[in-house]
$ cat model-v2.txt   # compact mmCIF, C-alpha atoms and all ligand atoms
# COMPACT_ATOMS: atom_id res chain seq x y z
CA MET A 5 56.93 175.46 55.57
CA GLU A 6 59.77 177.68 54.48
CA GLY A 7 61.47 176.30 51.41
CA ALA A 8 58.74 173.74 50.76
CA LYS A 9 59.13 171.77 47.53
CA ILE A 10 56.78 172.73 44.72
CA GLN A 11 56.28 171.06 41.36
CA ILE A 12 55.17 173.09 38.36
CA VAL A 13 53.15 171.47 35.58
CA GLU A 14 52.86 173.86 32.65
CA ASP A 15 53.32 173.15 28.98
CA GLU A 16 54.17 176.65 27.87
CA ALA A 17 57.84 177.11 28.56
CA VAL A 18 57.84 180.87 28.92
CA ILE A 19 54.98 180.88 31.41
CA ALA A 20 56.56 178.00 33.28
CA LEU A 21 59.87 179.81 33.68
CA GLY A 22 58.15 182.99 34.79
CA LEU A 23 56.22 181.06 37.39
CA LYS A 24 59.36 179.31 38.58
CA THR A 25 61.11 182.63 39.14
CA LYS A 26 58.14 183.96 41.11
CA VAL A 27 57.83 180.82 43.24
CA GLU A 28 61.53 180.78 44.03
CA ALA A 29 61.45 184.45 44.90
CA LEU A 30 58.93 183.52 47.59
CA GLY A 31 61.48 181.17 49.12
CA TYR A 32 60.20 177.84 47.81
CA THR A 33 62.13 175.20 45.91
CA VAL A 34 60.88 174.13 42.50
CA THR A 35 61.47 170.40 42.11
CA SER A 36 60.77 170.29 38.39
CA ILE A 37 58.88 171.84 35.52
CA ILE A 38 56.80 169.26 33.72
CA ALA A 39 54.87 169.58 30.47
CA THR A 40 52.64 166.50 30.40
CA GLY A 41 50.20 164.85 32.78
CA GLU A 42 51.84 161.43 32.64
CA GLU A 43 55.25 162.81 33.52
CA ALA A 44 53.75 164.96 36.25
CA ILE A 45 52.43 161.85 38.01
CA LEU A 46 55.81 160.13 37.80
CA ALA A 47 57.72 163.20 38.99
CA ALA A 48 55.34 163.71 41.91
CA GLY A 49 55.92 160.14 43.04
CA ARG A 50 59.65 160.56 42.73
CA ASP A 51 60.09 164.02 44.32
CA MET A 52 57.13 164.03 46.71
CA PRO A 53 56.65 167.81 46.54
CA ALA A 54 54.56 169.54 49.19
CA LEU A 55 52.39 171.09 46.50
CA VAL A 56 51.75 170.93 42.75
CA LEU A 57 50.94 173.99 40.65
CA MET A 58 48.95 172.45 37.82
CA ASP A 59 47.99 174.00 34.53
CA ILE A 60 44.41 172.90 33.97
CA VAL A 61 44.71 172.65 30.21
CA LEU A 62 47.61 170.54 29.05
CA ARG A 63 48.40 169.38 25.58
CA GLY A 64 48.64 165.64 25.14
CA LYS A 65 46.38 162.79 26.12
CA MET A 66 46.00 163.64 29.75
CA ASP A 67 44.83 167.02 30.89
CA GLY A 68 45.68 168.72 34.16
CA VAL A 69 42.53 167.62 35.95
CA GLU A 70 43.16 163.97 35.28
CA ALA A 71 46.81 164.22 36.30
CA ALA A 72 45.86 166.12 39.46
CA LYS A 73 43.37 163.47 40.44
CA GLU A 74 46.00 160.73 40.12
CA ILE A 75 48.57 162.70 42.09
CA LYS A 76 46.10 163.39 44.88
CA ASP A 77 44.86 159.82 45.01
CA ARG A 78 48.26 158.19 44.93
CA HIS A 79 50.33 160.57 46.99
CA ALA A 80 47.88 162.85 48.80
CA ILE A 81 49.70 165.92 47.49
CA PRO A 82 47.60 169.11 47.37
CA ILE A 83 47.00 170.78 44.03
CA ILE A 84 46.59 174.41 42.96
CA TYR A 85 45.14 174.81 39.48
CA MET A 86 46.50 177.51 37.19
CA THR A 87 44.10 178.72 34.55
CA ALA A 88 44.15 181.28 31.78
CA TYR A 89 40.77 180.94 30.39
CA SER A 90 39.01 177.58 30.81
CA GLY A 91 35.61 176.39 29.81
CA GLU A 92 32.85 175.74 32.33
CA LYS A 93 33.02 172.02 31.80
CA ILE A 94 36.64 171.59 32.70
CA LEU A 95 36.22 173.80 35.75
CA GLU A 96 33.38 171.61 36.91
CA ARG A 97 35.59 168.55 36.59
CA ALA A 98 38.42 170.34 38.33
CA GLN A 99 36.12 171.17 41.23
CA LEU A 100 35.43 167.48 41.76
CA THR A 101 39.11 166.82 42.49
CA GLU A 102 38.89 169.15 45.49
CA PRO A 103 41.89 171.35 44.73
CA SER A 104 43.44 173.52 47.42
CA GLY A 105 43.02 176.59 45.24
CA TYR A 106 42.82 178.24 41.84
CA LEU A 107 45.04 180.89 40.40
CA LEU A 108 44.84 182.92 37.26
CA LYS A 109 48.03 182.68 35.30
CA ALA A 110 48.20 186.43 35.37
CA CYS A 111 48.07 186.56 39.15
CA THR A 112 50.14 188.96 41.21
CA ASN A 113 52.99 187.83 43.44
CA THR A 114 50.88 188.45 46.50
CA GLU A 115 48.02 186.32 45.19
CA LEU A 116 50.50 183.56 44.42
CA MET A 117 52.06 183.79 47.86
CA VAL A 118 48.76 183.80 49.75
CA THR A 119 47.32 180.90 47.76
CA ILE A 120 50.42 178.76 48.21
CA LYS A 121 50.65 179.52 51.92
CA MET A 122 46.98 178.80 52.49
CA SER A 123 47.14 175.50 50.64
CA LEU A 124 50.18 174.30 52.52
CA TYR A 125 48.59 175.31 55.80
CA LYS A 126 45.26 173.70 54.98
CA HIS A 127 46.97 170.50 53.93
CA LYS A 128 48.96 170.35 57.13
CA MET A 129 45.83 170.82 59.22
CA GLU A 130 44.05 168.11 57.29
CA GLU A 131 46.93 165.76 57.84
CA TRP A 132 46.85 166.45 61.56
CA ARG A 133 43.15 165.80 61.68
CA ARG A 134 43.51 162.60 59.71
CA LYS A 135 46.26 161.37 62.03
CA ALA A 136 44.22 162.23 65.10
CA GLU A 137 41.21 160.40 63.68
CA GLU A 138 43.30 157.39 62.84
CA ALA A 139 44.79 157.28 66.32
CA GLU A 140 41.31 157.49 67.80
CA ARG A 141 40.04 154.72 65.57
CA LYS A 142 42.96 152.52 66.60
CA ARG A 143 42.27 153.26 70.24
CA GLN A 144 38.64 152.27 69.83
CA GLU A 145 39.58 149.06 68.06
CA GLU A 146 42.02 148.21 70.83
CA LYS A 147 39.34 148.87 73.41
CA ILE A 148 36.87 146.54 71.73
CA LEU A 149 39.55 143.91 71.49
CA ILE A 150 40.39 144.15 75.16
CA GLU A 151 36.70 143.93 76.02
CA GLN A 152 36.43 140.79 73.93
CA ALA A 153 39.52 139.35 75.52
CA LYS A 154 37.99 139.98 78.92
CA LEU A 155 34.79 138.28 77.89
CA SER A 156 36.71 135.34 76.58
CA ALA A 157 38.74 135.16 79.79
CA MET A 158 35.50 135.26 81.74
CA GLY A 159 34.20 132.38 79.67
CA GLU A 160 37.31 130.38 80.52
CA MET A 161 36.88 131.26 84.18
CA LEU A 162 33.31 130.05 84.15
CA ARG A 163 34.53 126.86 82.59
CA ALA A 164 37.04 126.49 85.43
CA ILE A 165 34.48 127.29 88.11
CA ALA A 166 32.00 124.85 86.62
CA HIS A 167 34.66 122.16 86.81
CA ASN A 168 35.52 123.00 90.38
CA TRP A 169 31.87 122.98 91.32
CA ARG A 170 31.06 119.67 89.75
CA GLN A 171 32.48 117.60 92.57
CA PRO A 172 30.88 119.37 95.55
CA LEU A 173 27.66 119.63 93.58
CA ASN A 174 27.61 115.88 93.04
CA ALA A 175 28.40 115.30 96.69
CA LEU A 176 25.59 117.62 97.74
CA GLY A 177 23.21 115.74 95.47
CA LEU A 178 24.12 112.45 97.09
CA ILE A 179 23.76 113.87 100.60
CA ILE A 180 20.32 115.21 99.82
CA GLN A 181 19.12 112.03 98.16
CA ASP A 182 20.19 110.11 101.21
CA VAL A 183 17.76 112.02 103.39
CA GLU A 184 14.82 110.31 101.75
CA ASP A 185 16.29 106.83 102.27
CA SER A 186 17.24 107.48 105.86
CA TYR A 187 13.72 108.68 106.57
CA LYS A 188 12.22 105.61 104.94
CA PHE A 189 14.46 103.28 106.93
CA GLY A 190 13.88 105.10 110.18
CA GLU A 191 17.47 106.31 110.46
CA PHE A 192 16.57 109.94 110.49
CA ASN A 193 17.37 111.21 113.97
CA ASP A 194 19.15 114.08 115.71
CA GLU A 195 22.56 112.72 114.99
CA TYR A 196 21.75 112.17 111.32
CA LEU A 197 20.37 115.66 111.06
CA SER A 198 23.39 117.38 112.50
CA GLU A 199 25.70 115.33 110.31
CA PHE A 200 23.55 116.13 107.30
CA VAL A 201 23.82 119.84 108.06
CA SER A 202 27.54 119.84 108.64
CA ASN A 203 28.32 117.71 105.56
CA SER A 204 26.10 119.86 103.36
CA MET A 205 27.62 123.04 104.71
CA ALA A 206 31.12 121.72 104.05
CA GLU A 207 30.27 121.19 100.38
CA ILE A 208 28.54 124.55 100.14
CA ASN A 209 31.52 126.27 101.73
CA SER A 210 33.88 124.64 99.33
CA MET A 211 31.75 125.93 96.47
CA SER A 212 31.75 129.42 97.82
CA GLU A 213 35.50 129.20 98.34
CA VAL A 214 35.88 128.50 94.64
CA ILE A 215 34.05 131.72 93.87
CA ASN A 216 35.98 133.76 96.41
CA GLY A 217 39.18 132.27 95.14
CA TYR A 218 38.24 133.31 91.65
CA ARG A 219 37.36 136.82 92.75
CA ASN A 220 40.59 137.34 94.59
CA LEU A 221 42.83 135.66 92.10
CA PHE A 222 41.62 137.40 89.02
CA LYS A 223 40.16 140.81 89.79
CA PRO A 224 42.22 143.46 87.95
CA ASP A 225 44.98 145.15 89.99
CA LYS A 226 45.02 148.87 90.46
CA GLU A 227 48.73 149.24 90.91
CA LYS A 228 51.96 147.45 90.34
CA ARG A 229 53.59 145.75 93.27
CA PRO A 230 56.24 143.12 93.86
CA PHE A 231 54.98 139.55 93.97
CA ASP A 232 56.43 136.08 94.05
CA ALA A 233 56.05 134.44 90.65
CA VAL A 234 56.59 130.97 92.13
CA GLU A 235 53.61 131.44 94.41
CA ALA A 236 51.44 133.01 91.72
CA VAL A 237 52.11 130.12 89.33
CA GLY A 238 51.30 127.62 92.08
CA GLU A 239 48.00 129.31 92.94
CA THR A 240 46.91 129.52 89.33
CA CYS A 241 47.65 125.84 88.71
CA SER A 242 45.81 124.75 91.82
CA PHE A 243 42.86 126.78 90.64
CA LEU A 244 42.95 124.73 87.44
CA HIS A 245 43.40 121.46 89.24
CA GLY A 246 39.84 120.25 88.68
CA GLN A 247 40.15 120.72 84.98
CA THR A 248 43.59 119.29 84.46
CA ARG A 249 42.61 116.21 86.47
CA ASN A 250 39.51 115.82 84.35
CA LEU A 251 41.54 115.90 81.16
CA SER A 252 44.18 113.58 82.68
CA VAL A 253 46.77 116.27 82.20
CA ASN A 254 49.79 115.97 84.40
CA VAL A 255 51.01 119.36 85.65
CA GLU A 256 54.46 119.80 87.09
CA ILE A 257 55.87 122.97 88.56
CA ILE A 258 59.64 123.11 89.02
CA HIS A 259 61.92 125.84 90.29
CA PRO A 260 65.26 124.19 90.99
CA GLY A 261 67.25 125.91 93.68
CA ILE A 262 64.84 128.83 93.87
CA GLU A 263 62.57 129.47 96.83
CA ALA A 264 60.90 132.59 95.54
CA LEU A 265 61.23 134.73 92.44
CA PHE A 266 60.09 138.31 92.86
CA VAL A 267 58.93 140.48 90.00
CA THR A 268 57.07 143.79 89.99
CA GLY A 269 53.79 144.11 88.18
CA TYR A 270 50.13 143.28 88.26
CA ILE A 271 49.89 139.92 89.96
CA ASN A 272 46.39 139.10 88.77
CA GLU A 273 47.24 139.98 85.21
CA PHE A 274 50.23 137.69 85.51
CA ARG A 275 47.94 134.92 86.77
CA GLN A 276 45.65 135.63 83.82
CA VAL A 277 48.55 135.15 81.43
CA VAL A 278 49.52 131.87 83.08
CA LEU A 279 45.89 130.81 82.85
CA ASN A 280 45.72 131.70 79.13
CA LEU A 281 48.89 129.75 78.42
CA MET A 282 47.65 126.79 80.46
CA PHE A 283 44.31 126.79 78.63
CA ASN A 284 46.15 126.86 75.30
CA SER A 285 48.32 123.93 76.31
CA MET A 286 45.30 122.02 77.56
CA ASP A 287 43.48 122.71 74.30
CA ALA A 288 46.47 121.60 72.23
CA ILE A 289 46.78 118.40 74.26
CA THR A 290 43.08 117.62 73.97
CA ALA A 291 43.13 118.21 70.22
CA ARG A 292 46.21 116.05 69.73
CA LYS A 293 44.76 113.20 71.75
CA LYS A 294 41.54 113.35 69.82
CA ALA A 295 43.35 113.35 66.47
CA LEU A 296 45.47 110.36 67.50
CA ARG A 297 42.48 108.38 68.67
CA LEU A 298 40.67 109.09 65.43
CA THR A 299 43.46 108.01 63.14
CA GLN A 300 44.61 104.59 64.33
CA ASN A 301 43.69 102.10 66.93
CA ASP A 302 47.25 101.26 67.82
CA THR A 303 47.92 104.86 68.72
CA VAL A 304 45.45 104.78 71.56
CA GLN A 305 48.27 103.81 73.83
CA GLU A 306 50.39 106.61 72.53
CA ALA A 307 47.50 108.99 73.14
CA ALA A 308 47.40 107.87 76.74
CA THR A 309 50.97 109.02 77.35
CA ILE A 310 50.23 112.51 76.05
CA GLY A 311 49.18 115.17 78.49
CA ASN A 312 52.09 116.78 80.30
CA ILE A 313 52.57 120.42 81.10
CA THR A 314 55.71 121.61 82.84
CA LEU A 315 56.04 125.05 84.35
CA GLU A 316 59.63 125.91 85.07
CA LEU A 317 60.76 129.02 86.90
CA SER A 318 64.34 130.20 86.65
CA ARG A 319 66.66 133.19 86.73
CA HIS A 320 68.51 134.67 83.77
CA ASP A 321 70.71 137.63 84.61
CA THR A 322 68.28 140.29 85.74
CA MET A 323 65.23 138.48 84.41
CA ALA A 324 62.84 136.02 85.96
CA MET A 325 61.71 133.39 83.50
CA LEU A 326 58.65 131.18 83.39
CA LYS A 327 58.76 128.49 80.72
CA ILE A 328 55.59 126.52 80.04
CA THR A 329 56.20 123.39 77.99
CA ASP A 330 53.50 121.04 76.76
CA ASP A 331 53.29 117.95 74.58
CA GLY A 332 50.30 119.05 72.58
CA GLY A 333 52.04 118.86 69.20
CA GLY A 334 53.20 122.46 68.97
CA VAL A 335 52.19 125.28 66.66
CA PRO A 336 51.88 124.16 63.03
CA GLU A 337 54.71 125.21 60.75
CA GLY A 338 53.81 128.43 58.99
CA LEU A 339 51.48 129.74 61.69
CA ALA A 340 54.26 130.63 64.11
CA ASN A 341 54.28 134.31 63.32
CA ARG A 342 50.51 134.63 63.35
CA ILE A 343 49.50 133.24 66.73
CA PHE A 344 50.00 136.54 68.55
CA GLU A 345 47.74 138.38 66.11
CA PRO A 346 44.32 139.39 67.41
CA TYR A 347 41.52 137.06 66.32
CA PHE A 348 43.90 134.42 65.09
CA THR A 349 42.65 131.02 66.18
CA THR A 350 42.77 127.47 64.90
CA ARG A 351 40.22 126.25 67.37
CA GLU A 352 36.78 125.12 66.30
CA GLN A 353 34.28 127.82 65.61
CA GLY A 354 32.69 129.03 68.79
CA SER A 355 35.37 127.72 71.13
CA GLY A 356 38.18 130.22 70.61
CA VAL A 357 38.20 133.93 69.90
CA GLY A 358 41.92 134.13 69.24
CA VAL A 359 42.67 136.91 71.68
CA GLY A 360 44.34 134.98 74.51
CA LEU A 361 47.90 135.32 73.26
CA TYR A 362 47.39 138.82 71.91
CA LEU A 363 46.19 140.08 75.26
CA SER A 364 48.86 138.14 77.15
CA LYS A 365 51.54 139.78 75.05
CA ILE A 366 50.14 143.25 75.71
CA LEU A 367 49.96 142.55 79.44
CA ILE A 368 53.51 141.22 79.68
CA GLU A 369 55.28 143.48 77.21
CA ASN A 370 53.43 146.79 77.39
CA GLN A 371 52.31 146.78 81.00
CA MET A 372 55.11 144.92 82.73
CA ASP A 373 58.22 145.58 80.58
CA GLY A 374 58.65 141.89 79.94
CA LYS A 375 58.78 139.58 76.95
CA LEU A 376 56.46 136.80 75.80
CA TYR A 377 57.54 134.46 73.01
CA PHE A 378 57.46 130.82 72.05
CA GLU A 379 59.27 128.05 70.26
CA ASN A 380 58.25 124.59 69.15
CA VAL A 381 59.94 121.78 71.03
CA GLU A 382 59.82 118.02 70.62
CA ASN A 383 56.15 116.97 70.72
CA GLY A 384 54.87 120.38 71.67
CA ALA A 385 55.36 124.06 72.32
CA ALA A 386 57.22 126.09 74.92
CA PHE A 387 56.06 129.56 75.87
CA TYR A 388 58.44 131.90 77.68
CA VAL A 389 57.40 134.72 79.98
CA MET A 390 60.31 136.97 80.94
CA LEU A 391 59.93 139.68 83.57
CA PRO A 392 62.53 141.89 85.24
CA GLU A 393 63.38 140.44 88.63
CA THR A 394 63.07 142.66 91.70
CA SER A 395 64.29 142.19 95.23
CA GLU A 396 62.01 140.74 97.86
CA PRO A 397 59.87 143.46 99.44
CA CYS A 398 60.37 144.26 103.15
CA LYS A 399 57.57 142.80 105.17
N1 LIG A 401 50.49 125.58 73.45
C1 LIG A 401 50.09 125.63 72.19
N2 LIG A 401 50.28 124.58 71.34
C2 LIG A 401 49.87 124.63 70.05
N3 LIG A 401 49.27 125.70 69.49
C3 LIG A 401 49.05 126.78 70.27
C4 LIG A 401 49.45 126.81 71.64
N4 LIG A 401 49.11 128.02 72.15
C5 LIG A 401 48.52 128.70 71.16
N5 LIG A 401 48.48 127.98 70.02
C6 LIG A 401 47.92 128.40 68.72
O1 LIG A 401 47.76 129.80 68.74
C7 LIG A 401 46.41 130.16 68.43
C8 LIG A 401 46.06 131.46 69.13
O2 LIG A 401 46.03 131.31 70.55
P1 LIG A 401 45.17 132.30 71.43
O3 LIG A 401 45.31 131.93 72.85
O4 LIG A 401 45.54 133.70 71.04
O5 LIG A 401 43.70 132.07 70.91
P2 LIG A 401 42.76 130.80 71.13
O6 LIG A 401 43.28 129.94 72.23
O7 LIG A 401 42.57 130.16 69.80
O8 LIG A 401 41.39 131.49 71.58
P3 LIG A 401 41.13 132.28 72.97
O9 LIG A 401 40.77 133.65 72.57
O10 LIG A 401 40.01 131.54 73.61
O11 LIG A 401 42.39 132.23 73.78
C9 LIG A 401 45.60 128.96 68.86
O12 LIG A 401 44.37 128.89 68.19
C10 LIG A 401 46.54 127.82 68.48
O13 LIG A 401 46.45 127.54 67.11
MG MG A 402 43.85 130.83 74.11
$ encode --input "model-v2.txt" --output "structure tokens" --more "lines below"
Ligand SMILES: Nc1ncnc2c1ncn2[C@@H]1O[C@H](COP(=O)(O)OP(=O)(O)OP(=O)(O)O)[C@@H](O)[C@H]1O
Ligand SMILES: [Mg+2]
Amino acid sequence: MEGAKIQIVEDEAVIALGLKTKVEALGYTVTSIIATGEEAILAAGRDMPALVLMDIVLRGKMDGVEAAKEIKDRHAIPIIYMTAYSGEKILERAQLTEPSGYLLKACTNTELMVTIKMSLYKHKMEEWRRKAEEAERKRQEEKILIEQAKLSAMGEMLRAIAHNWRQPLNALGLIIQDVEDSYKFGEFNDEYLSEFVSNSMAEINSMSEVINGYRNLFKPDKEKRPFDAVEAVGETCSFLHGQTRNLSVNVEIIHPGIEALFVTGYINEFRQVVLNLMFNSMDAITARKKALRLTQNDTVQEAATIGNITLELSRHDTMAMLKITDDGGGVPEGLANRIFEPYFTTREQGSGVGVGLYLSKILIENQMDGKLYFENVENGAAFYVMLPETSEPCK
């Protein structure tokens, strides 16, 4: 803090000059000598001194205490009050502004030096503490957000599992109901029984496969490793197949001239990102269809042609690119720079938290050195996931 900048506020010129000489002799720089409270506030904002030496009693409308309070509030600059003789009342008010120190105008050089040094030191420590607290608060907020994102992702997964279970569950229902009929009609025999068991088990196995698939596909990775993005995209889309079919959404994966596209990172987190983007496209498509159906009858046909998602994998210099294009109407004008913000959602209350894109961006950009961005295209949106390409790992 050698040479720190100090502002002097003192309306008696002789005292002010004396103080300036003393302060400079201690190795500090005096930014200005000010005589009124109003000017002191302006000068503090302009020069941003490290410390203000403030005469408590100033002539004019504003006294030192008031000026000090403003300077502290606006600029967080520490204050040392200088007093000659001051009444109790003003000292009480001064105390409320939490000054860094008090000095008698007749103080010695040593007193001046110690008080200035202590204030600068104390202020620096406080700033450190404040910064540390702020960083901690931010970390906590981020943690809560990630927890929420995980919950929301889990909700989406349950939705997907429920869809994938619906079919085998229905089949199982039919198989079981048939037992009663077969018994009534005297068809229940050994052969029927063994077929009943094997058919039921097939459905049950397919249900448990869905769960295993989910567990393997989406449990968080511990470490980065090379994986084939073409394969990962394919797996994720087949996991969603039940749902896309249900919504009559046509999904196309293309990777012209490319067999495999290796990138290094967390494969399951990558799948999660693809899933988030797919869910967003599916939501946009569903919303657009609904809106079209509601507006005009003659657009029903148009609505029927909507529902295409294309996932295209390609190479750009050293980067692998996944482009997901949909025809869900795109992101409304004016919201484009908000969609990656946490908690930003346009979905109906209760159906979207608004963390999907935020989390996806963190995963791709902070954890995998990639880029995630979007642009509106004709009839919809295109989201780009860029990741550095790596060479195929040795088997
Ligand atoms: N493919 C898309 N087409 C049109 N708008 C989109 C698309 N993807 C995202 N958006 C817009 O961006 C917003 C934020 O998306 P984000 O995935 O972060 O949250 P969400 O889908 O609303 O909720 P959730 O937390 O369940 O993912 C959406 O509400 C939507 O308005
Ligand atoms: Mg989403």
$ residues_near_ligand --input "model-v2.txt" --ligand "ligand LIG 401 (chain A)" --cutoff "9 Å" --atoms "all atoms listed in the file" --output "PDB file with C-alpha atoms, in the coordinates of the input"
ATOM      1  CA  GLN A 152      36.430 140.790  73.930  1.00  0.00           C
ATOM      2  CA  ALA A 153      39.520 139.350  75.520  1.00  0.00           C
ATOM      3  CA  SER A 156      36.710 135.340  76.580  1.00  0.00           C
ATOM      4  CA  ALA A 157      38.740 135.160  79.790  1.00  0.00           C
ATOM      5  CA  GLY A 159      34.200 132.380  79.670  1.00  0.00           C
ATOM      6  CA  GLU A 160      37.310 130.380  80.520  1.00  0.00           C
ATOM      7  CA  ASN A 280      45.720 131.700  79.130  1.00  0.00           C
ATOM      8  CA  LEU A 281      48.890 129.750  78.420  1.00  0.00           C
ATOM      9  CA  MET A 282      47.650 126.790  80.460  1.00  0.00           C
ATOM     10  CA  PHE A 283      44.310 126.790  78.630  1.00  0.00           C
ATOM     11  CA  ASN A 284      46.150 126.860  75.300  1.00  0.00           C
ATOM     12  CA  SER A 285      48.320 123.930  76.310  1.00  0.00           C
ATOM     13  CA  MET A 286      45.300 122.020  77.560  1.00  0.00           C
ATOM     14  CA  ASP A 287      43.480 122.710  74.300  1.00  0.00           C
ATOM     15  CA  ALA A 288      46.470 121.600  72.230  1.00  0.00           C
ATOM     16  CA  ILE A 289      46.780 118.400  74.260  1.00  0.00           C
ATOM     17  CA  ILE A 328      55.590 126.520  80.040  1.00  0.00           C
ATOM     18  CA  THR A 329      56.200 123.390  77.990  1.00  0.00           C
ATOM     19  CA  ASP A 330      53.500 121.040  76.760  1.00  0.00           C
ATOM     20  CA  ASP A 331      53.290 117.950  74.580  1.00  0.00           C
ATOM     21  CA  GLY A 332      50.300 119.050  72.580  1.00  0.00           C
ATOM     22  CA  GLY A 333      52.040 118.860  69.200  1.00  0.00           C
ATOM     23  CA  GLY A 334      53.200 122.460  68.970  1.00  0.00           C
ATOM     24  CA  VAL A 335      52.190 125.280  66.660  1.00  0.00           C
ATOM     25  CA  PRO A 336      51.880 124.160  63.030  1.00  0.00           C
ATOM     26  CA  LEU A 339      51.480 129.740  61.690  1.00  0.00           C
ATOM     27  CA  ALA A 340      54.260 130.630  64.110  1.00  0.00           C
ATOM     28  CA  ARG A 342      50.510 134.630  63.350  1.00  0.00           C
ATOM     29  CA  ILE A 343      49.500 133.240  66.730  1.00  0.00           C
ATOM     30  CA  PHE A 344      50.000 136.540  68.550  1.00  0.00           C
ATOM     31  CA  GLU A 345      47.740 138.380  66.110  1.00  0.00           C
ATOM     32  CA  PRO A 346      44.320 139.390  67.410  1.00  0.00           C
ATOM     33  CA  TYR A 347      41.520 137.060  66.320  1.00  0.00           C
ATOM     34  CA  PHE A 348      43.900 134.420  65.090  1.00  0.00           C
ATOM     35  CA  THR A 349      42.650 131.020  66.180  1.00  0.00           C
ATOM     36  CA  THR A 350      42.770 127.470  64.900  1.00  0.00           C
ATOM     37  CA  ARG A 351      40.220 126.250  67.370  1.00  0.00           C
ATOM     38  CA  GLU A 352      36.780 125.120  66.300  1.00  0.00           C
ATOM     39  CA  SER A 355      35.370 127.720  71.130  1.00  0.00           C
ATOM     40  CA  GLY A 356      38.180 130.220  70.610  1.00  0.00           C
ATOM     41  CA  VAL A 357      38.200 133.930  69.900  1.00  0.00           C
ATOM     42  CA  GLY A 358      41.920 134.130  69.240  1.00  0.00           C
ATOM     43  CA  VAL A 359      42.670 136.910  71.680  1.00  0.00           C
ATOM     44  CA  GLY A 360      44.340 134.980  74.510  1.00  0.00           C
ATOM     45  CA  LEU A 361      47.900 135.320  73.260  1.00  0.00           C
ATOM     46  CA  TYR A 362      47.390 138.820  71.910  1.00  0.00           C
ATOM     47  CA  LEU A 363      46.190 140.080  75.260  1.00  0.00           C
ATOM     48  CA  SER A 364      48.860 138.140  77.150  1.00  0.00           C
ATOM     49  CA  PHE A 378      57.460 130.820  72.050  1.00  0.00           C
ATOM     50  CA  ASN A 380      58.250 124.590  69.150  1.00  0.00           C
ATOM     51  CA  GLY A 384      54.870 120.380  71.670  1.00  0.00           C
ATOM     52  CA  ALA A 385      55.360 124.060  72.320  1.00  0.00           C
ATOM     53  CA  ALA A 386      57.220 126.090  74.920  1.00  0.00           C
ATOM     54  CA  PHE A 387      56.060 129.560  75.870  1.00  0.00           C
TER      55      PHE A 387
END
$ residues_around --input "model-v2.txt" --residues "Lys24 in chain A" --least-positions-apart "2" --cutoff "12 Å" --atoms "only C-alpha atoms" --output "PyMOL selection string"
chain A and resi 9-14+17-22+26-38+57+113+116
$ atom_distance --input "model-v2.txt" --atom1 "CA of Arg163 in chain A" --atom2 "CA of Leu221 in chain A"
15.4 Å
$ atom_distance --input "model-v2.txt" --atom1 "CA of Val278 in chain A" --atom2 "CA of Glu213 in chain A"
20.9 Å
$ closest_residue --input "model-v2.txt" --among "A:Ala136, A:Ile75, A:Val253, A:Ala324" --to "Asp51 in chain A" --atoms "all atoms listed in the file"
A:Ile75
$ residues_near_point --input "model-v2.txt" --point "(39.2, 135.8, 83.4)" --cutoff "10 Å" --atoms "only C-alpha atoms" --output "list in words"
Ala153, Lys154, Leu155, Ser156, Ala157, Met158, Gly159, Glu160, Met161, Leu162, Ala164, Tyr218, Arg219, Leu221, Phe222, Lys223, Pro224, Asn272, Glu273, Arg275, Gln276, Val277, Leu279 and Asn280 of chain A
$ write_last_selection --input "model-v2.txt" --atoms "C-alpha atoms" --output "PDB file, in the frame of the given file"
ATOM      1  CA  ALA A 153      39.520 139.350  75.520  1.00  0.00           C
ATOM      2  CA  LYS A 154      37.990 139.980  78.920  1.00  0.00           C
ATOM      3  CA  LEU A 155      34.790 138.280  77.890  1.00  0.00           C
ATOM      4  CA  SER A 156      36.710 135.340  76.580  1.00  0.00           C
ATOM      5  CA  ALA A 157      38.740 135.160  79.790  1.00  0.00           C
ATOM      6  CA  MET A 158      35.500 135.260  81.740  1.00  0.00           C
ATOM      7  CA  GLY A 159      34.200 132.380  79.670  1.00  0.00           C
ATOM      8  CA  GLU A 160      37.310 130.380  80.520  1.00  0.00           C
ATOM      9  CA  MET A 161      36.880 131.260  84.180  1.00  0.00           C
ATOM     10  CA  LEU A 162      33.310 130.050  84.150  1.00  0.00           C
ATOM     11  CA  ALA A 164      37.040 126.490  85.430  1.00  0.00           C
ATOM     12  CA  TYR A 218      38.240 133.310  91.650  1.00  0.00           C
ATOM     13  CA  ARG A 219      37.360 136.820  92.750  1.00  0.00           C
ATOM     14  CA  LEU A 221      42.830 135.660  92.100  1.00  0.00           C
ATOM     15  CA  PHE A 222      41.620 137.400  89.020  1.00  0.00           C
ATOM     16  CA  LYS A 223      40.160 140.810  89.790  1.00  0.00           C
ATOM     17  CA  PRO A 224      42.220 143.460  87.950  1.00  0.00           C
ATOM     18  CA  ASN A 272      46.390 139.100  88.770  1.00  0.00           C
ATOM     19  CA  GLU A 273      47.240 139.980  85.210  1.00  0.00           C
ATOM     20  CA  ARG A 275      47.940 134.920  86.770  1.00  0.00           C
ATOM     21  CA  GLN A 276      45.650 135.630  83.820  1.00  0.00           C
ATOM     22  CA  VAL A 277      48.550 135.150  81.430  1.00  0.00           C
ATOM     23  CA  LEU A 279      45.890 130.810  82.850  1.00  0.00           C
ATOM     24  CA  ASN A 280      45.720 131.700  79.130  1.00  0.00           C
TER      25      ASN A 280
END
$ closest_residue --input "model-v2.txt" --among "A:Lys126, A:Lys188, A:Arg229, A:Lys327" --to "Glu396 in chain A" --atoms "only C-alpha atoms"
A:Arg229
